[in-house]
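S.K.: To be precise about what I am sending: the file is called start-v3.txt and holds compact mmCIF, C-alpha atoms.
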# COMPACT_ATOMS: atom_id res chain seq x y z
CA MET A 1 -4.35 -61.10 -97.12
CA ASN A 2 -0.98 -61.12 -95.78
CA SER A 3 0.31 -64.34 -94.36
CA ARG A 4 1.84 -62.56 -91.47
CA THR A 5 -1.37 -61.25 -90.16
CA THR A 6 -3.13 -64.55 -90.38
CA GLU A 7 -0.50 -66.44 -88.50
CA LYS A 8 -0.68 -66.52 -84.80
CA HIS A 9 2.46 -65.94 -82.89
CA ILE A 10 2.81 -68.62 -80.25
CA ASN A 11 5.03 -68.14 -77.27
CA PRO A 12 6.02 -71.40 -75.59
CA GLU A 13 5.89 -69.91 -72.06
CA ASN A 14 2.39 -68.61 -72.42
CA THR A 15 0.96 -71.64 -74.13
CA TYR A 16 0.15 -73.59 -70.96
CA ALA A 17 -1.53 -70.63 -69.30
CA GLU A 18 -3.37 -69.71 -72.46
CA THR A 19 -4.57 -73.20 -73.03
CA HIS A 20 -5.73 -73.67 -69.45
CA GLN A 21 -7.40 -70.27 -69.36
CA ALA A 22 -9.16 -70.99 -72.49
CA GLN A 23 -10.62 -74.11 -70.97
CA ARG A 24 -11.88 -72.47 -67.71
CA PRO A 25 -14.56 -69.82 -67.61
CA GLU A 26 -13.68 -66.38 -66.25
CA GLY A 27 -15.92 -66.58 -63.12
CA ILE A 28 -14.09 -69.69 -61.92
CA ILE A 29 -10.75 -67.96 -62.31
CA ASN A 30 -11.90 -64.99 -60.22
CA ALA A 31 -13.30 -67.27 -57.51
CA GLU A 32 -10.05 -69.22 -57.31
CA MET A 33 -8.06 -66.03 -57.00
CA TYR A 34 -10.43 -64.79 -54.33
CA ASP A 35 -10.09 -68.06 -52.39
CA THR A 36 -6.31 -67.91 -52.67
CA ILE A 37 -6.17 -64.31 -51.48
CA MET A 38 -8.57 -65.05 -48.59
CA PHE A 39 -6.62 -68.14 -47.57
CA SER A 40 -3.34 -66.18 -47.55
CA ASN A 41 -4.96 -63.30 -45.62
CA VAL A 42 -6.33 -65.69 -42.98
CA ILE A 43 -2.91 -67.27 -42.63
CA ASN A 44 -1.32 -63.80 -42.33
CA VAL A 45 -3.83 -62.78 -39.65
CA LEU A 46 -3.19 -65.98 -37.71
CA ILE A 47 0.57 -65.43 -37.95
CA VAL A 48 0.18 -61.86 -36.70
CA ILE A 49 -2.05 -63.02 -33.82
CA ALA A 50 0.46 -65.73 -32.92
CA PHE A 51 3.26 -63.16 -33.05
CA PHE A 52 1.36 -60.81 -30.74
CA VAL A 53 0.58 -63.63 -28.30
CA TRP A 54 4.25 -64.63 -28.25
CA LEU A 55 5.28 -60.97 -27.87
CA PHE A 56 2.85 -60.39 -24.98
CA ARG A 57 4.03 -63.53 -23.18
CA LYS A 58 7.72 -62.91 -23.76
CA TYR A 59 7.77 -59.30 -22.55
CA HIS A 60 4.89 -59.54 -20.04
CA LEU A 61 3.02 -56.89 -21.95
CA LEU A 62 -0.29 -57.82 -20.33
CA SER A 63 1.00 -56.94 -16.88
CA PHE A 64 2.57 -53.81 -18.31
CA LEU A 65 -0.73 -52.84 -19.93
CA GLN A 66 -2.55 -53.63 -16.68
CA LYS A 67 -0.10 -51.44 -14.77
CA LYS A 68 -0.56 -48.61 -17.28
CA ARG A 69 -4.34 -49.04 -17.01
CA ASP A 70 -4.12 -48.79 -13.22
CA GLU A 71 -1.92 -45.68 -13.47
CA ILE A 72 -4.38 -44.07 -15.87
CA LEU A 73 -7.30 -44.92 -13.59
CA GLU A 74 -5.42 -43.48 -10.59
CA THR A 75 -4.62 -40.33 -12.56
CA LEU A 76 -8.28 -40.00 -13.51
CA HIS A 77 -9.26 -40.48 -9.86
CA ASN A 78 -6.74 -37.81 -8.79
CA LEU A 79 -8.02 -35.45 -11.46
CA GLU A 80 -11.58 -35.99 -10.26
CA GLU A 81 -10.46 -35.26 -6.69
CA GLU A 82 -8.65 -32.09 -7.83
CA LYS A 83 -11.73 -31.06 -9.79
CA ARG A 84 -13.86 -31.46 -6.66
CA ILE A 85 -11.34 -29.44 -4.60
CA LYS A 86 -11.21 -26.70 -7.24
CA GLN A 87 -15.00 -26.59 -7.36
CA ASN A 88 -15.08 -26.17 -3.56
CA GLN A 89 -12.49 -23.39 -3.79
CA LEU A 90 -14.53 -21.75 -6.56
CA GLU A 91 -17.64 -21.90 -4.38
CA GLN A 92 -15.74 -20.40 -1.44
CA THR A 93 -14.42 -17.64 -3.70
CA ARG A 94 -17.94 -16.90 -4.95
CA THR A 95 -19.13 -16.68 -1.34
CA LYS A 96 -16.25 -14.31 -0.51
CA VAL A 97 -17.09 -12.17 -3.53
CA LYS A 98 -20.68 -11.93 -2.33
CA ASN A 99 -19.46 -10.81 1.10
CA VAL A 100 -16.95 -8.33 -0.31
CA ASN A 101 -19.41 -5.40 -0.13
CA GLN A 102 -19.92 -5.98 3.59
CA ASP A 103 -16.20 -6.32 4.14
CA MET A 104 -15.54 -3.22 2.05
CA THR A 105 -18.04 -1.18 4.11
CA LYS A 106 -16.43 -2.45 7.30
CA ILE A 107 -12.94 -1.57 6.04
CA ILE A 108 -14.09 1.91 5.00
CA ASP A 109 -15.62 2.50 8.44
CA GLU A 110 -12.45 1.29 10.15
CA GLY A 111 -10.35 3.47 7.83
CA GLU A 112 -12.43 6.55 8.61
CA HIS A 113 -12.14 5.84 12.34
CA VAL A 114 -8.36 5.39 12.07
CA ALA A 115 -8.07 8.55 9.95
CA LYS A 116 -10.11 10.53 12.48
CA THR A 117 -8.00 9.23 15.36
CA LEU A 118 -4.78 10.00 13.48
CA SER A 119 -5.93 13.51 12.57
CA GLU A 120 -6.87 14.21 16.20
CA GLN A 121 -3.49 12.91 17.32
CA VAL A 122 -1.69 15.02 14.69
CA ILE A 123 -3.61 18.12 15.80
CA MET A 124 -2.81 17.45 19.47
CA ASP A 125 0.86 16.89 18.62
CA ALA A 126 0.93 20.08 16.54
CA GLU A 127 -0.67 22.10 19.33
CA THR A 128 1.78 20.69 21.87
CA GLU A 129 4.71 21.38 19.57
CA ALA A 130 3.43 24.92 18.88
CA ALA A 131 3.13 25.59 22.64
CA GLU A 132 6.66 24.28 23.19
CA MET A 133 7.96 26.41 20.32
CA GLN A 134 6.19 29.47 21.77
CA GLN A 135 7.75 28.83 25.20
CA LYS A 136 11.17 28.39 23.59
CA ALA A 137 10.66 31.60 21.60
CA HIS A 138 9.72 33.54 24.77
CA ALA A 139 12.74 32.11 26.58
CA LEU A 140 14.97 32.98 23.62
CA ILE A 141 13.56 36.50 23.46
CA GLU A 142 14.13 36.94 27.20
CA THR A 143 17.67 35.63 26.87
CA GLU A 144 18.37 37.97 23.95
CA ARG A 145 16.84 40.89 25.88
CA GLN A 146 19.11 40.11 28.83
CA LYS A 147 22.13 39.91 26.50
CA VAL A 148 21.28 43.23 24.86
CA SER A 149 20.62 44.81 28.26
CA ASN A 150 23.94 43.53 29.61
CA GLN A 151 25.71 44.70 26.46
CA LEU A 152 24.17 48.17 26.80
CA ILE A 153 25.14 48.33 30.46
CA ASN A 154 28.69 47.28 29.55
CA GLU A 155 28.86 49.84 26.75
CA VAL A 156 27.42 52.61 28.95
CA THR A 157 29.77 51.66 31.78
CA GLY A 158 32.73 51.59 29.36
CA ALA A 159 31.74 54.94 27.93
CA ALA A 160 31.33 56.36 31.44
CA PHE A 161 34.79 55.12 32.37
CA ILE A 162 36.29 56.68 29.26
CA ILE A 163 34.54 60.00 29.97
CA ALA A 164 35.54 59.85 33.62
CA GLU A 165 39.11 59.05 32.67
CA GLN A 166 39.25 61.98 30.30
CA HIS A 167 37.68 64.20 32.89
CA ILE A 168 40.14 63.05 35.50
CA LYS A 169 43.05 63.60 33.09
CA GLU A 170 41.85 67.08 32.34
CA ALA A 171 41.35 67.81 36.03
CA ILE A 172 44.75 66.43 36.93
CA ASP A 173 46.43 68.25 34.08
CA GLU A 174 45.01 71.58 35.20
CA ARG A 175 46.00 71.04 38.81
CA LEU A 176 49.44 69.89 37.88
CA HIS A 177 49.74 72.78 35.55
CA GLN A 178 48.72 75.13 38.34
CA LYS A 179 51.05 73.44 40.76
CA TYR A 180 54.01 73.76 38.39
CA ILE A 181 53.23 77.39 37.83
CA ASN A 182 53.04 77.97 41.57
CA GLU A 183 56.25 76.12 42.18
CA PHE A 184 57.96 78.13 39.49
CA ILE A 185 56.75 81.30 41.00
CA ASP A 186 57.88 80.15 44.40
CA ASN A 187 61.22 79.23 42.98
CA LEU A 188 61.51 82.64 41.42
CA ASP A 189 61.20 84.24 44.78
CA ASN A 190 63.95 82.12 46.07
CA VAL A 191 66.22 82.99 43.26
CA LYS A 192 67.94 86.30 43.84
CA VAL A 193 69.19 88.14 41.10
Take the structure I supplied and represent it as C-alpha cells, if you would.
M.R.:
Amino acid sequence: MNSRTTEKHINPENTYAETHQAQRPEGIINAEMYDTIMFSNVINVLIVIAFFVWLFRKYHLLSFLQKKRDEILETLHNLEEEKRIKQNQLEQTRTKVKNVNQDMTKIIDEGEHVAKTLSEQVIMDAETEAAEMQQKAHALIETERQKVSNQLINEVTGAAFIIAEQHIKEAIDERLHQKYINEFIDNLDNVKV
C-alpha cells in the first residue's frame, strides 16, 4: 500500500475538537447543544420581555392600548345602536310596503275624483267660452251687417246724387239752350236790317 494513504493528516486546529469529540459519546454532545440553545433562547425571551416592559413604561403604551380598547368598544356600541336603528327603519319600511296597496287604492280614488272634477270644470269653462264666442260672433255679424248696410246706403245715395246731378245738368243745359235761342231770336227782331 501506499504510504500516503495510510498516513493520517493531522490538522493542529482540529486536534483538540477531534480528541474531545472522540472521548464523548454523540448523545451527550446533542444534549449539551440542546441545553445551550435552550439557555440562549430563554435569555433572549427574557431580554425581549424586559424590552417590552421598558417600552410600555417609557411610552405609556398600556394607557394608549386602554384608550384604543375603549375607543373600539365605543365604536362597537355605536355600531350596535346603528344596527338597532336600521332594523327599526327596516321594520317601518316593511310595514309601509304592506300598507302600500291601501295607499295606492286611496290615491287612485283621489286621482279619479280630481280628474272627474277637472273634466267637469273644463267642460263648464268650454261651454262658457263657446257661449261668449257665439255672442261675440253675433255682435260681430250685426256690426258687419250695419257696416255693409251703411256702405250700401252711402253708395246708393252717392249714385243718386250723381244721377241727379247729371239730370240737373241736362235739364239746365236744355233750358239754357232754349233761353239762348229765344234771346237770339228776340235780338234778331231788334236788329233791323
S.K.: Quote the spacing between CA of Lys67 (chain A) and CA of Ile47 (chain A) in Å to one decimal place.
M.R.: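 Separating CA of Lys67 (chain A) from CA of Ile47 (chain A) is a distance of 27.1 Å.
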S.K.: Can you tell me how far CA of Lys136 (chain A) sits from CA of Gln151 (chain A), in Å to one decimal?
M.R.: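 Result for CA of Lys136 (chain A) versus CA of Gln151 (chain A): 22.0 Å, one decimal.
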S.K.: CA of Phe64 (chain A) to CA of Val45 (chain A): how many Å, to one decimal?
M.R.: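 Answer for the CA of Phe64 (chain A) to CA of Val45 (chain A) separation: 24.0 Å.
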S.K.: Because the input lacks atoms here, generate N, CA and C atoms for region 171-189 of chain A and report them as a short mmCIF file (atom, residue, chain, number, x, y, z; two decimals), in the frame of the given file.
M.R.:
data_model
loop_
_atom_site.label_atom_id
_atom_site.label_comp_id
_atom_site.auth_asym_id
_atom_site.auth_seq_id
_atom_site.Cartn_x
_atom_site.Cartn_y
_atom_site.Cartn_z
N ALA A 171 41.30 67.19 34.69
CA ALA A 171 41.35 67.81 36.03
C ALA A 171 42.75 67.70 36.58
N ILE A 172 43.40 66.60 36.42
CA ILE A 172 44.75 66.43 36.93
C ILE A 172 45.69 67.31 36.15
N ASP A 173 45.55 67.42 34.89
CA ASP A 173 46.43 68.25 34.08
C ASP A 173 46.34 69.72 34.52
N GLU A 174 45.16 70.19 34.76
CA GLU A 174 45.01 71.58 35.20
C GLU A 174 45.64 71.79 36.57
N ARG A 175 45.43 70.91 37.47
CA ARG A 175 46.00 71.04 38.81
C ARG A 175 47.50 70.95 38.75
N LEU A 176 47.98 70.01 37.99
CA LEU A 176 49.44 69.89 37.88
C LEU A 176 50.00 71.13 37.20
N HIS A 177 49.31 71.57 36.24
CA HIS A 177 49.74 72.78 35.55
C HIS A 177 49.78 73.96 36.55
N GLN A 178 48.76 74.09 37.33
CA GLN A 178 48.72 75.13 38.34
C GLN A 178 49.84 74.94 39.37
N LYS A 179 50.02 73.75 39.76
CA LYS A 179 51.05 73.44 40.76
C LYS A 179 52.42 73.80 40.21
N TYR A 180 52.71 73.44 38.97
CA TYR A 180 54.01 73.76 38.39
C TYR A 180 54.19 75.29 38.29
N ILE A 181 53.14 75.93 37.91
CA ILE A 181 53.23 77.39 37.83
C ILE A 181 53.54 77.98 39.22
N ASN A 182 52.82 77.47 40.19
CA ASN A 182 53.04 77.97 41.57
C ASN A 182 54.44 77.61 42.04
N GLU A 183 54.90 76.51 41.77
CA GLU A 183 56.25 76.12 42.18
C GLU A 183 57.28 76.99 41.46
N PHE A 184 57.04 77.29 40.22
CA PHE A 184 57.96 78.13 39.49
C PHE A 184 57.99 79.55 40.09
N ILE A 185 56.80 79.98 40.41
CA ILE A 185 56.75 81.30 41.00
C ILE A 185 57.46 81.27 42.35
N ASP A 186 57.22 80.27 43.10
CA ASP A 186 57.88 80.15 44.40
C ASP A 186 59.39 80.03 44.21
N ASN A 187 59.79 79.39 43.24
CA ASN A 187 61.22 79.23 42.98
C ASN A 187 61.80 80.55 42.49
N LEU A 188 61.03 81.34 41.87
CA LEU A 188 61.51 82.64 41.42
C LEU A 188 61.77 83.55 42.63
N ASP A 189 60.99 83.43 43.57
CA ASP A 189 61.20 84.24 44.78
C ASP A 189 62.48 83.81 45.46
#
